[in-house]
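See structure below.
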Amino acid sequence: MKNLNTTSLLENYAAFAEPAIRNRFYKHADLEKLIAHLPASFKTSIAGYSAEHRSLNLITWGDGPVKVFLWSQMHGDEATGTMALFDLINFLSLDIYTEQIELLRKRCSLYIMPMVNPDGAERFTRRNAQQIDINRDFVKVVAPETQALKKIHAAIKPDFGFNLHDQNTLWSVCGTNKPATLSYLAPAYDKQLSTNSIRKNAMLVIAEMFKVLNPLLPGQIGLFDDEYEERAFGDNFQMAGTSTILIEAGGFRNDEEKQEIRKYYFLSILAGLDAIATAEYQEFSLKDYINIPKNDKKIFHILIHGIILEGISVSIGLNYEETPAQDGSATLKTYSIQDIGDLDKLYAYDVYQSDEWTVIGTIKFNENANFDLLDSKKTILSFKNGILASKL
Ligand SMILES: [Zn+2]
């Protein structure tokens, strides 16, 4: 990204960060307010309606010949892509990087469809109001959100697509001890995982995105699982001639609301758009894409070393699952014990190590955490029926 300086962009990020979105639980009504006040350079239209009749909005910007379609939050509880899209809209609206914005405007036309699944976002669930996973509905097209997304794609016939998701926070990057804060993928368009010119262009754009972002998040960006899914949108849009780029937001220490990840997500999209506008991606090779480390699963949310269980010293790994609150405005985290034994080569967001642990309560594999962990009479961690009641 010769055209944009990431240090300067991070310094100025506060100017673009959309202040109305501060956690993962914003709703369709919040978005409607933002869309109603967009500057005149953005055109808006209704692309369809959700099952519960919430509007699906299409925002267009730019006059260039290269058509880029960006859509987010097909899964209602995957909120980071939408945050980053509104940061991008603010970036394009401000007069800070005028030359770069002018280049984007002349070379590209952006078609932005934020929050494809507003009913899911309302409940903070993956699925829509009909309990359908929209991203497994490409073939049957039973959900109105699926119908709208397919219709808009067919009408635009975009050259490039950005498919914006969040992944499980337990993905890590192969060969590192770190969470996969971001993952990228050029989805396959067939079972053989073939590469044609369409998919190749997506791979090369990703190679450039990785080159720009990896120094900012060293060891924390991986390639997402490359398996063909015939019911998914990315795979089908790739087949239909749109060079499709998947971005997944994963985990980052002490960033459960993804406000740090959001910055790097925004920068990833911007790096991708800049690569497309300057055609700089063509200077990259397939090797640059293939050499991006893969995702693996070698981290826990919490790892405790040196617990004496039945007279032997073991490590225990705990993970939480999130369930949305009734009103979709928070989640409840329930911790369970997911491994016991030699976990020396595994990692976690939070690691505890001591030779002097006292455990009050019971530790049982695959059951909810329900114990206190004390170190010289200080309580380090306290779990009550899976809920983390206190943490030193
Ligand atoms: Zn998703």
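By convention here, the chains of the structure tokens are called A, B, ... in the order presented, each chain's residues are numbered starting at 1, and ligands are numbered starting at 1 in the order presented.
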Discussion item. So that I can check the surroundings of Lys287 (chain A), please list as an MDAnalysis selection string every protein, DNA and RNA residue that reaches within 10 Å of it, counting only C-alpha atoms and ignoring chain neighbours fewer than 6 positions away.
Written reply: chainID A and resid 203:204 207
Could those selected residues go to a file with C-alpha atoms, as a compact mmCIF listing (two decimals), in the first residue's frame?
# COMPACT_ATOMS: atom_id res chain seq x y z
CA MET A 203 -5.80 -14.16 -3.57
CA LEU A 204 -3.46 -11.42 -4.79
CA ALA A 207 -1.57 -11.09 -0.32
Per DSSP on the backbone, filter region 136-305 of chain A down to the residues in alpha helix (DSSP H) and report them as a short mmCIF file (atom, residue, chain, number, x, y, z; two decimals) with all heavy atoms, in the first residue's frame.
data_model
loop_
_atom_site.label_atom_id
_atom_site.label_comp_id
_atom_site.auth_asym_id
_atom_site.auth_seq_id
_atom_site.Cartn_x
_atom_site.Cartn_y
_atom_site.Cartn_z
N PRO A 144 -35.78 -14.09 2.97
CA PRO A 144 -35.85 -12.85 2.19
C PRO A 144 -34.51 -12.12 2.12
O PRO A 144 -34.21 -11.46 1.12
CB PRO A 144 -36.89 -12.01 2.94
CG PRO A 144 -37.05 -12.63 4.28
CD PRO A 144 -36.69 -14.07 4.13
N GLU A 145 -33.70 -12.28 3.17
CA GLU A 145 -32.37 -11.63 3.17
C GLU A 145 -31.48 -12.25 2.08
O GLU A 145 -30.72 -11.56 1.41
CB GLU A 145 -31.70 -11.80 4.55
CG GLU A 145 -32.44 -11.17 5.72
CD GLU A 145 -33.50 -12.09 6.34
OE1 GLU A 145 -33.77 -13.17 5.76
OE2 GLU A 145 -34.06 -11.73 7.39
N THR A 146 -31.58 -13.57 1.93
CA THR A 146 -30.81 -14.27 0.88
C THR A 146 -31.25 -13.77 -0.50
O THR A 146 -30.43 -13.53 -1.38
CB THR A 146 -31.07 -15.80 0.96
OG1 THR A 146 -31.03 -16.20 2.32
CG2 THR A 146 -30.06 -16.56 0.16
N GLN A 147 -32.58 -13.66 -0.66
CA GLN A 147 -33.12 -13.21 -1.94
C GLN A 147 -32.58 -11.82 -2.29
O GLN A 147 -32.15 -11.57 -3.42
CB GLN A 147 -34.65 -13.18 -1.89
CG GLN A 147 -35.26 -14.58 -1.84
CD GLN A 147 -36.68 -14.59 -1.29
OE1 GLN A 147 -37.36 -13.56 -1.24
NE2 GLN A 147 -37.14 -15.76 -0.86
N ALA A 148 -32.57 -10.93 -1.30
CA ALA A 148 -32.11 -9.55 -1.55
C ALA A 148 -30.62 -9.53 -1.91
O ALA A 148 -30.22 -8.86 -2.87
CB ALA A 148 -32.36 -8.70 -0.30
N LEU A 149 -29.83 -10.29 -1.18
CA LEU A 149 -28.38 -10.30 -1.42
C LEU A 149 -28.06 -10.85 -2.81
O LEU A 149 -27.24 -10.30 -3.55
CB LEU A 149 -27.70 -11.12 -0.32
CG LEU A 149 -26.18 -11.10 -0.23
CD1 LEU A 149 -25.63 -9.68 -0.16
CD2 LEU A 149 -25.72 -11.88 1.01
N LYS A 150 -28.75 -11.92 -3.20
CA LYS A 150 -28.53 -12.51 -4.53
C LYS A 150 -28.97 -11.55 -5.64
O LYS A 150 -28.30 -11.39 -6.65
CB LYS A 150 -29.32 -13.82 -4.67
CG LYS A 150 -28.58 -15.01 -4.10
CD LYS A 150 -29.31 -16.31 -4.38
CE LYS A 150 -28.90 -16.93 -5.70
NZ LYS A 150 -29.26 -18.38 -5.75
N LYS A 151 -30.11 -10.90 -5.41
CA LYS A 151 -30.67 -9.98 -6.41
C LYS A 151 -29.72 -8.80 -6.63
O LYS A 151 -29.45 -8.41 -7.77
CB LYS A 151 -32.04 -9.49 -5.92
CG LYS A 151 -32.84 -8.71 -6.94
CD LYS A 151 -34.13 -8.15 -6.35
CE LYS A 151 -33.82 -6.94 -5.49
NZ LYS A 151 -34.95 -6.40 -4.73
N ILE A 152 -29.22 -8.23 -5.53
CA ILE A 152 -28.32 -7.07 -5.64
C ILE A 152 -27.02 -7.49 -6.33
O ILE A 152 -26.52 -6.77 -7.21
CB ILE A 152 -28.03 -6.49 -4.23
CG1 ILE A 152 -29.30 -5.86 -3.65
CG2 ILE A 152 -26.88 -5.50 -4.25
CD1 ILE A 152 -29.80 -4.65 -4.40
N HIS A 153 -26.50 -8.64 -5.97
CA HIS A 153 -25.27 -9.10 -6.61
C HIS A 153 -25.47 -9.29 -8.11
O HIS A 153 -24.63 -8.88 -8.93
CB HIS A 153 -24.79 -10.41 -5.97
CG HIS A 153 -23.57 -10.97 -6.64
ND1 HIS A 153 -23.63 -11.94 -7.62
CD2 HIS A 153 -22.26 -10.68 -6.49
CE1 HIS A 153 -22.41 -12.21 -8.04
NE2 HIS A 153 -21.56 -11.47 -7.36
N ALA A 154 -26.59 -9.87 -8.48
CA ALA A 154 -26.87 -10.11 -9.91
C ALA A 154 -27.03 -8.79 -10.66
O ALA A 154 -26.64 -8.67 -11.81
CB ALA A 154 -28.13 -10.97 -10.05
N ALA A 155 -27.61 -7.78 -9.97
CA ALA A 155 -27.81 -6.49 -10.63
C ALA A 155 -26.49 -5.73 -10.79
O ALA A 155 -26.25 -5.10 -11.82
CB ALA A 155 -28.81 -5.65 -9.82
N ILE A 156 -25.63 -5.80 -9.78
CA ILE A 156 -24.37 -5.05 -9.84
C ILE A 156 -23.35 -5.76 -10.73
O ILE A 156 -22.58 -5.12 -11.44
CB ILE A 156 -23.75 -4.90 -8.42
CG1 ILE A 156 -24.70 -4.19 -7.45
CG2 ILE A 156 -22.43 -4.16 -8.47
CD1 ILE A 156 -24.27 -4.29 -5.99
N SER A 197 -8.67 -17.22 -12.89
CA SER A 197 -8.20 -15.83 -12.81
C SER A 197 -9.02 -15.02 -11.81
O SER A 197 -8.50 -14.09 -11.18
CB SER A 197 -8.24 -15.20 -14.20
OG SER A 197 -9.59 -15.17 -14.65
N ILE A 198 -10.31 -15.37 -11.67
CA ILE A 198 -11.18 -14.63 -10.74
C ILE A 198 -10.69 -14.85 -9.30
O ILE A 198 -10.47 -13.89 -8.54
CB ILE A 198 -12.65 -15.14 -10.87
CG1 ILE A 198 -13.18 -14.95 -12.29
CG2 ILE A 198 -13.55 -14.46 -9.83
CD1 ILE A 198 -13.27 -13.53 -12.77
N ARG A 199 -10.53 -16.11 -8.93
CA ARG A 199 -10.08 -16.41 -7.56
C ARG A 199 -8.65 -15.92 -7.34
O ARG A 199 -8.30 -15.45 -6.26
CB ARG A 199 -10.19 -17.93 -7.32
CG ARG A 199 -9.94 -18.28 -5.87
CD ARG A 199 -10.16 -19.76 -5.58
NE ARG A 199 -9.94 -20.03 -4.17
CZ ARG A 199 -9.35 -21.11 -3.69
NH1 ARG A 199 -8.96 -22.06 -4.53
NH2 ARG A 199 -9.18 -21.27 -2.40
N LYS A 200 -7.85 -16.02 -8.39
CA LYS A 200 -6.46 -15.59 -8.27
C LYS A 200 -6.39 -14.10 -7.90
O LYS A 200 -5.61 -13.70 -7.03
CB LYS A 200 -5.71 -15.84 -9.59
CG LYS A 200 -4.24 -15.51 -9.49
CD LYS A 200 -3.50 -15.76 -10.79
CE LYS A 200 -2.09 -15.17 -10.67
NZ LYS A 200 -1.41 -15.08 -11.94
N ASN A 201 -7.22 -13.29 -8.54
CA ASN A 201 -7.21 -11.85 -8.22
C ASN A 201 -7.56 -11.61 -6.75
O ASN A 201 -6.97 -10.74 -6.09
CB ASN A 201 -8.17 -11.08 -9.12
CG ASN A 201 -7.59 -10.88 -10.51
OD1 ASN A 201 -6.38 -11.01 -10.71
ND2 ASN A 201 -8.45 -10.55 -11.48
N ALA A 202 -8.51 -12.37 -6.22
CA ALA A 202 -8.87 -12.24 -4.79
C ALA A 202 -7.67 -12.64 -3.93
O ALA A 202 -7.36 -11.98 -2.93
CB ALA A 202 -10.07 -13.12 -4.47
N MET A 203 -6.97 -13.71 -4.33
CA MET A 203 -5.80 -14.16 -3.57
C MET A 203 -4.71 -13.08 -3.56
O MET A 203 -4.06 -12.86 -2.54
CB MET A 203 -5.23 -15.44 -4.20
CG MET A 203 -6.12 -16.66 -3.98
SD MET A 203 -5.52 -18.03 -4.99
CE MET A 203 -6.31 -19.42 -4.17
N LEU A 204 -4.52 -12.42 -4.70
CA LEU A 204 -3.46 -11.42 -4.79
C LEU A 204 -3.80 -10.17 -3.97
O LEU A 204 -2.93 -9.58 -3.34
CB LEU A 204 -3.18 -11.05 -6.25
CG LEU A 204 -2.73 -12.20 -7.16
CD1 LEU A 204 -2.35 -11.69 -8.54
CD2 LEU A 204 -1.56 -12.98 -6.55
N VAL A 205 -5.09 -9.80 -3.97
CA VAL A 205 -5.50 -8.66 -3.13
C VAL A 205 -5.24 -9.01 -1.66
O VAL A 205 -4.72 -8.20 -0.89
CB VAL A 205 -6.99 -8.30 -3.36
CG1 VAL A 205 -7.46 -7.27 -2.35
CG2 VAL A 205 -7.19 -7.76 -4.79
N ILE A 206 -5.58 -10.25 -1.28
CA ILE A 206 -5.35 -10.69 0.11
C ILE A 206 -3.84 -10.68 0.42
O ILE A 206 -3.43 -10.28 1.53
CB ILE A 206 -5.96 -12.09 0.34
CG1 ILE A 206 -7.49 -11.98 0.35
CG2 ILE A 206 -5.45 -12.72 1.64
CD1 ILE A 206 -8.22 -13.31 0.36
N ALA A 207 -3.04 -11.10 -0.54
CA ALA A 207 -1.57 -11.09 -0.32
C ALA A 207 -1.12 -9.68 0.04
O ALA A 207 -0.31 -9.47 0.95
CB ALA A 207 -0.85 -11.60 -1.56
N GLU A 208 -1.68 -8.69 -0.64
CA GLU A 208 -1.29 -7.31 -0.34
C GLU A 208 -1.85 -6.86 1.02
O GLU A 208 -1.16 -6.21 1.81
CB GLU A 208 -1.73 -6.35 -1.45
CG GLU A 208 -1.35 -4.92 -1.11
CD GLU A 208 -1.20 -3.98 -2.29
OE1 GLU A 208 -1.45 -4.41 -3.43
OE2 GLU A 208 -0.83 -2.82 -2.06
N MET A 209 -3.12 -7.24 1.30
CA MET A 209 -3.70 -6.89 2.61
C MET A 209 -2.83 -7.47 3.73
O MET A 209 -2.55 -6.80 4.73
CB MET A 209 -5.12 -7.46 2.72
CG MET A 209 -6.15 -6.72 1.87
SD MET A 209 -7.67 -7.68 1.55
CE MET A 209 -8.19 -8.15 3.17
N PHE A 210 -2.39 -8.71 3.56
CA PHE A 210 -1.57 -9.37 4.58
C PHE A 210 -0.24 -8.63 4.75
O PHE A 210 0.21 -8.41 5.87
CB PHE A 210 -1.32 -10.84 4.18
CG PHE A 210 -0.51 -11.59 5.19
CD1 PHE A 210 -1.09 -12.03 6.37
CD2 PHE A 210 0.84 -11.85 4.97
CE1 PHE A 210 -0.33 -12.73 7.32
CE2 PHE A 210 1.60 -12.54 5.92
CZ PHE A 210 1.01 -12.98 7.09
N LYS A 211 0.34 -8.24 3.64
CA LYS A 211 1.63 -7.53 3.71
C LYS A 211 1.49 -6.22 4.49
O LYS A 211 2.36 -5.83 5.26
CB LYS A 211 2.14 -7.26 2.29
CG LYS A 211 3.58 -6.81 2.31
CD LYS A 211 4.09 -6.43 0.94
CE LYS A 211 5.45 -5.75 1.09
NZ LYS A 211 5.76 -4.95 -0.11
N VAL A 212 0.37 -5.55 4.29
CA VAL A 212 0.14 -4.27 4.98
C VAL A 212 -0.17 -4.48 6.46
O VAL A 212 0.33 -3.77 7.32
CB VAL A 212 -1.01 -3.49 4.29
CG1 VAL A 212 -1.38 -2.24 5.07
CG2 VAL A 212 -0.64 -3.14 2.86
N LEU A 213 -1.01 -5.48 6.76
CA LEU A 213 -1.53 -5.64 8.13
C LEU A 213 -0.61 -6.46 9.03
O LEU A 213 -0.60 -6.24 10.25
CB LEU A 213 -2.92 -6.28 8.08
CG LEU A 213 -4.13 -5.34 8.03
CD1 LEU A 213 -4.29 -4.61 9.36
CD2 LEU A 213 -4.07 -4.34 6.90
N PHE A 233 -22.32 -18.05 0.19
CA PHE A 233 -22.29 -16.95 -0.78
C PHE A 233 -20.91 -16.71 -1.39
O PHE A 233 -20.78 -16.52 -2.59
CB PHE A 233 -22.81 -15.66 -0.14
CG PHE A 233 -24.30 -15.53 -0.26
CD1 PHE A 233 -25.13 -16.26 0.58
CD2 PHE A 233 -24.87 -14.72 -1.22
CE1 PHE A 233 -26.51 -16.17 0.45
CE2 PHE A 233 -26.25 -14.63 -1.36
CZ PHE A 233 -27.07 -15.35 -0.52
N GLY A 234 -19.88 -16.68 -0.52
CA GLY A 234 -18.53 -16.37 -1.02
C GLY A 234 -18.14 -17.32 -2.13
O GLY A 234 -17.66 -16.91 -3.19
N ASP A 235 -18.37 -18.61 -1.91
CA ASP A 235 -18.01 -19.65 -2.88
C ASP A 235 -18.77 -19.45 -4.19
O ASP A 235 -18.21 -19.58 -5.28
CB ASP A 235 -18.33 -21.04 -2.29
CG ASP A 235 -17.77 -21.20 -0.88
OD1 ASP A 235 -18.03 -20.33 -0.03
OD2 ASP A 235 -17.07 -22.19 -0.63
N ASN A 236 -20.04 -19.12 -4.07
CA ASN A 236 -20.88 -18.96 -5.27
C ASN A 236 -20.60 -17.66 -6.01
O ASN A 236 -20.63 -17.63 -7.23
CB ASN A 236 -22.35 -19.06 -4.89
CG ASN A 236 -22.79 -20.50 -4.74
OD1 ASN A 236 -22.93 -21.21 -5.73
ND2 ASN A 236 -22.98 -20.94 -3.51
N PHE A 237 -20.34 -16.59 -5.27
CA PHE A 237 -20.00 -15.32 -5.95
C PHE A 237 -18.65 -15.46 -6.66
O PHE A 237 -18.46 -14.91 -7.75
CB PHE A 237 -19.95 -14.16 -4.94
CG PHE A 237 -21.31 -13.66 -4.51
CD1 PHE A 237 -21.42 -12.62 -3.58
CD2 PHE A 237 -22.48 -14.18 -5.03
CE1 PHE A 237 -22.66 -12.14 -3.17
CE2 PHE A 237 -23.73 -13.70 -4.64
CZ PHE A 237 -23.82 -12.68 -3.70
N GLN A 238 -17.72 -16.21 -6.04
CA GLN A 238 -16.42 -16.46 -6.69
C GLN A 238 -16.67 -17.17 -8.02
O GLN A 238 -16.11 -16.82 -9.05
CB GLN A 238 -15.58 -17.36 -5.77
CG GLN A 238 -14.12 -17.38 -6.07
CD GLN A 238 -13.38 -16.22 -5.42
OE1 GLN A 238 -13.27 -15.14 -6.02
NE2 GLN A 238 -12.89 -16.40 -4.22
N MET A 239 -17.57 -18.15 -8.01
CA MET A 239 -17.88 -18.92 -9.22
C MET A 239 -18.58 -18.02 -10.26
O MET A 239 -18.38 -18.19 -11.46
CB MET A 239 -18.79 -20.09 -8.87
CG MET A 239 -19.12 -20.98 -10.05
SD MET A 239 -19.41 -22.66 -9.51
CE MET A 239 -20.89 -22.47 -8.55
N ILE A 261 -9.95 -4.68 17.35
CA ILE A 261 -9.95 -5.47 16.11
C ILE A 261 -10.57 -4.67 14.98
O ILE A 261 -10.12 -4.71 13.84
CB ILE A 261 -10.75 -6.78 16.31
CG1 ILE A 261 -10.14 -7.61 17.44
CG2 ILE A 261 -10.80 -7.59 15.03
CD1 ILE A 261 -10.92 -8.87 17.77
N ARG A 262 -11.60 -3.94 15.32
CA ARG A 262 -12.32 -3.11 14.35
C ARG A 262 -11.39 -2.20 13.56
O ARG A 262 -11.53 -2.03 12.34
CB ARG A 262 -13.34 -2.31 15.16
CG ARG A 262 -13.85 -1.07 14.54
CD ARG A 262 -14.69 -0.33 15.56
NE ARG A 262 -15.36 0.80 14.95
CZ ARG A 262 -16.31 1.49 15.55
NH1 ARG A 262 -16.73 1.16 16.76
NH2 ARG A 262 -16.88 2.50 14.93
N LYS A 263 -10.38 -1.62 14.21
CA LYS A 263 -9.41 -0.75 13.56
C LYS A 263 -8.68 -1.49 12.45
O LYS A 263 -8.51 -0.99 11.35
CB LYS A 263 -8.31 -0.38 14.58
CG LYS A 263 -8.51 0.84 15.35
CD LYS A 263 -7.15 1.19 15.99
CE LYS A 263 -7.30 1.29 17.48
NZ LYS A 263 -6.06 1.55 18.18
N TYR A 264 -8.21 -2.69 12.80
CA TYR A 264 -7.42 -3.47 11.85
C TYR A 264 -8.31 -4.05 10.75
O TYR A 264 -7.86 -4.27 9.63
CB TYR A 264 -6.65 -4.57 12.60
CG TYR A 264 -5.73 -3.99 13.64
CD1 TYR A 264 -6.02 -4.07 15.00
CD2 TYR A 264 -4.60 -3.29 13.25
CE1 TYR A 264 -5.18 -3.49 15.95
CE2 TYR A 264 -3.76 -2.71 14.18
CZ TYR A 264 -4.06 -2.82 15.53
OH TYR A 264 -3.23 -2.22 16.46
N TYR A 265 -9.54 -4.27 11.09
CA TYR A 265 -10.53 -4.75 10.11
C TYR A 265 -10.78 -3.65 9.07
O TYR A 265 -10.76 -3.88 7.86
CB TYR A 265 -11.81 -5.09 10.86
CG TYR A 265 -12.73 -6.09 10.18
CD1 TYR A 265 -12.91 -7.35 10.72
CD2 TYR A 265 -13.44 -5.76 9.03
CE1 TYR A 265 -13.78 -8.26 10.13
CE2 TYR A 265 -14.30 -6.67 8.44
CZ TYR A 265 -14.47 -7.91 8.99
OH TYR A 265 -15.33 -8.81 8.41
N PHE A 266 -10.98 -2.44 9.58
CA PHE A 266 -11.15 -1.26 8.71
C PHE A 266 -9.92 -1.10 7.81
O PHE A 266 -10.04 -0.91 6.59
CB PHE A 266 -11.37 -0.01 9.58
CG PHE A 266 -10.99 1.29 8.94
CD1 PHE A 266 -11.76 1.85 7.93
CD2 PHE A 266 -9.84 1.97 9.35
CE1 PHE A 266 -11.39 3.05 7.32
CE2 PHE A 266 -9.47 3.17 8.76
CZ PHE A 266 -10.24 3.71 7.74
N LEU A 267 -8.73 -1.20 8.42
CA LEU A 267 -7.50 -1.05 7.63
C LEU A 267 -7.36 -2.16 6.59
O LEU A 267 -6.85 -1.91 5.49
CB LEU A 267 -6.28 -1.10 8.55
CG LEU A 267 -5.80 0.22 9.15
CD1 LEU A 267 -4.53 -0.02 9.95
CD2 LEU A 267 -5.53 1.26 8.07
N SER A 268 -7.83 -3.37 6.93
CA SER A 268 -7.77 -4.47 5.95
C SER A 268 -8.62 -4.14 4.74
O SER A 268 -8.19 -4.33 3.60
CB SER A 268 -8.29 -5.78 6.57
OG SER A 268 -7.56 -6.16 7.68
N ILE A 269 -9.84 -3.67 4.98
CA ILE A 269 -10.72 -3.32 3.86
C ILE A 269 -10.09 -2.21 3.03
O ILE A 269 -10.05 -2.27 1.80
CB ILE A 269 -12.12 -2.88 4.37
CG1 ILE A 269 -12.81 -4.03 5.12
CG2 ILE A 269 -12.99 -2.41 3.21
CD1 ILE A 269 -14.12 -3.62 5.79
N LEU A 270 -9.56 -1.19 3.74
CA LEU A 270 -8.97 -0.06 3.02
C LEU A 270 -7.75 -0.51 2.21
O LEU A 270 -7.58 -0.09 1.05
CB LEU A 270 -8.57 1.01 4.04
CG LEU A 270 -8.19 2.36 3.46
CD1 LEU A 270 -9.33 2.96 2.64
CD2 LEU A 270 -7.78 3.32 4.57
N ALA A 271 -6.93 -1.39 2.80
CA ALA A 271 -5.76 -1.90 2.08
C ALA A 271 -6.21 -2.67 0.84
O ALA A 271 -5.61 -2.56 -0.23
CB ALA A 271 -4.93 -2.80 3.00
N GLY A 272 -7.29 -3.44 0.97
CA GLY A 272 -7.82 -4.19 -0.16
C GLY A 272 -8.34 -3.26 -1.25
O GLY A 272 -8.04 -3.44 -2.43
N LEU A 273 -9.08 -2.24 -0.84
CA LEU A 273 -9.63 -1.29 -1.82
C LEU A 273 -8.51 -0.53 -2.52
O LEU A 273 -8.56 -0.32 -3.74
CB LEU A 273 -10.57 -0.30 -1.12
CG LEU A 273 -11.90 -0.86 -0.61
CD1 LEU A 273 -12.68 0.22 0.14
CD2 LEU A 273 -12.75 -1.42 -1.76
N ASP A 274 -7.50 -0.15 -1.75
CA ASP A 274 -6.38 0.57 -2.34
C ASP A 274 -5.62 -0.32 -3.33
O ASP A 274 -5.21 0.14 -4.39
CB ASP A 274 -5.45 1.06 -1.22
CG ASP A 274 -4.38 1.99 -1.75
OD1 ASP A 274 -4.74 3.12 -2.15
OD2 ASP A 274 -3.21 1.59 -1.81
N ALA A 275 -5.46 -1.60 -2.97
CA ALA A 275 -4.78 -2.55 -3.87
C ALA A 275 -5.54 -2.66 -5.19
O ALA A 275 -4.95 -2.72 -6.26
CB ALA A 275 -4.69 -3.92 -3.20
N ILE A 276 -6.88 -2.65 -5.09
CA ILE A 276 -7.72 -2.75 -6.28
C ILE A 276 -7.64 -1.45 -7.10
O ILE A 276 -7.44 -1.48 -8.32
CB ILE A 276 -9.18 -3.06 -5.87
CG1 ILE A 276 -9.26 -4.47 -5.27
CG2 ILE A 276 -10.13 -2.91 -7.07
CD1 ILE A 276 -10.55 -4.76 -4.52
N ALA A 277 -7.75 -0.31 -6.41
CA ALA A 277 -7.77 0.99 -7.12
C ALA A 277 -6.44 1.26 -7.83
O ALA A 277 -6.42 1.80 -8.93
CB ALA A 277 -8.08 2.11 -6.13
N THR A 278 -5.34 0.89 -7.19
CA THR A 278 -4.02 1.15 -7.79
C THR A 278 -3.58 0.00 -8.70
O THR A 278 -2.57 0.12 -9.39
CB THR A 278 -2.94 1.29 -6.70
OG1 THR A 278 -2.96 0.08 -5.91
CG2 THR A 278 -3.19 2.49 -5.80
N LEU A 286 1.00 -15.75 -6.36
CA LEU A 286 0.20 -16.73 -5.60
C LEU A 286 0.95 -17.24 -4.38
O LEU A 286 0.36 -17.54 -3.36
CB LEU A 286 -0.16 -17.91 -6.51
CG LEU A 286 -1.37 -17.70 -7.42
CD1 LEU A 286 -1.67 -18.97 -8.19
CD2 LEU A 286 -2.60 -17.27 -6.61
N LYS A 287 2.28 -17.29 -4.49
CA LYS A 287 3.11 -17.75 -3.38
C LYS A 287 2.90 -16.84 -2.16
O LYS A 287 2.90 -17.31 -1.02
CB LYS A 287 4.58 -17.74 -3.79
CG LYS A 287 5.25 -19.09 -3.59
CD LYS A 287 6.64 -19.11 -4.18
CE LYS A 287 7.66 -18.75 -3.12
NZ LYS A 287 9.01 -18.61 -3.69
N ASP A 288 2.75 -15.55 -2.42
CA ASP A 288 2.55 -14.60 -1.30
C ASP A 288 1.27 -14.94 -0.54
O ASP A 288 1.18 -14.73 0.66
CB ASP A 288 2.47 -13.16 -1.82
CG ASP A 288 3.73 -12.72 -2.52
OD1 ASP A 288 4.82 -13.09 -2.04
OD2 ASP A 288 3.63 -12.02 -3.55
N TYR A 289 0.27 -15.43 -1.27
CA TYR A 289 -1.00 -15.83 -0.62
C TYR A 289 -0.82 -17.18 0.09
O TYR A 289 -1.18 -17.31 1.26
CB TYR A 289 -2.09 -15.93 -1.69
CG TYR A 289 -3.42 -16.47 -1.18
CD1 TYR A 289 -4.33 -15.64 -0.53
CD2 TYR A 289 -3.76 -17.82 -1.35
CE1 TYR A 289 -5.54 -16.13 -0.06
CE2 TYR A 289 -4.98 -18.31 -0.89
CZ TYR A 289 -5.86 -17.46 -0.26
OH TYR A 289 -7.07 -17.94 0.20
N ILE A 290 -0.25 -18.13 -0.60
CA ILE A 290 -0.13 -19.49 -0.05
C ILE A 290 0.75 -19.50 1.21
O ILE A 290 0.53 -20.28 2.13
CB ILE A 290 0.42 -20.45 -1.14
CG1 ILE A 290 -0.66 -20.61 -2.22
CG2 ILE A 290 0.81 -21.81 -0.58
CD1 ILE A 290 -0.14 -21.10 -3.56
#
Identify, counting only C-alpha atoms and all ligand atoms, the protein, DNA and RNA residues located within 8 Å of ligand 1, and give them as a CSV table (one decimal) with C-alpha atoms, in the first residue's frame.
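The result, written out as selection-v6.csv:
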chain,number,residue,atom,x,y,z
A,73,GLN,CA,-23.3,-9.3,9.2
A,74,MET,CA,-25.0,-12.1,7.3
A,75,HIS,CA,-24.7,-13.7,10.7
A,78,GLU,CA,-20.9,-11.1,13.8
A,126,ARG,CA,-26.2,-16.1,14.0
A,135,ASN,CA,-24.9,-18.2,4.4
A,164,LEU,CA,-17.4,-9.7,6.1
A,165,HIS,CA,-17.7,-12.0,9.0
A,166,ASP,CA,-16.5,-12.8,12.6
A,167,GLN,CA,-15.0,-16.2,13.5
A,248,GLU,CA,-13.1,-12.9,9.6
Fill in: Filtered DSSP result for region 78-257 of chain A, state strand (DSSP E), as a VMD selection string
chain A and resid 108 to 113 160 to 166 172 to 173 182 to 185 221 to 223 243 to 249
Fill in: Shell of 9 Å around Lys333 (chain A), only C-alpha atoms, local chain residues under 5 positions omitted, as a ChimeraX atom specification
/A:320-324,386-388
Worksheet item: Mind pulling up the distance from CA of Asp63 (chain A) to CA of Leu104 (chain A)?
Response: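 A separation of 8.8 Å between them.
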Worksheet item: What separation in Å, quoted to one decimal, exists between CA of Val351 (chain A) and CA of Pro215 (chain A)?
Response: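 CA of Pro215 (chain A) lies 24.8 Å from CA of Val351 (chain A).
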Worksheet, complete the sentence: CA of Ser109 (chain A) sits from CA of Lys33 (chain A) at a separation of 23.5 Å
Worksheet entry | Distance query Ser329 (chain A) at most 9 Å, only C-alpha atoms, self and fewer than 5 positions along chain excluded, as a PyMOL selection string | chain A and resi 24-27+122-124+324
Write to file, as a PDB file, in the first residue's frame, the residues of the selection just made, with C-alpha atoms.
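To be explicit, this is the file written out as out-v6.pdb:
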ATOM      1  CA  ARG A  24     -21.180  -5.453  19.268  1.00  0.00           C
ATOM      2  CA  PHE A  25     -24.798  -4.910  20.243  1.00  0.00           C
ATOM      3  CA  TYR A  26     -25.914  -1.983  18.086  1.00  0.00           C
ATOM      4  CA  LYS A  27     -29.161  -2.599  16.230  1.00  0.00           C
ATOM      5  CA  GLU A 122     -31.664  -7.667  17.017  1.00  0.00           C
ATOM      6  CA  ARG A 123     -31.414 -10.949  18.954  1.00  0.00           C
ATOM      7  CA  PHE A 124     -27.622 -11.181  18.624  1.00  0.00           C
ATOM      8  CA  PRO A 324     -27.280 -13.743  24.056  1.00  0.00           C
TER       9      PRO A 324
END
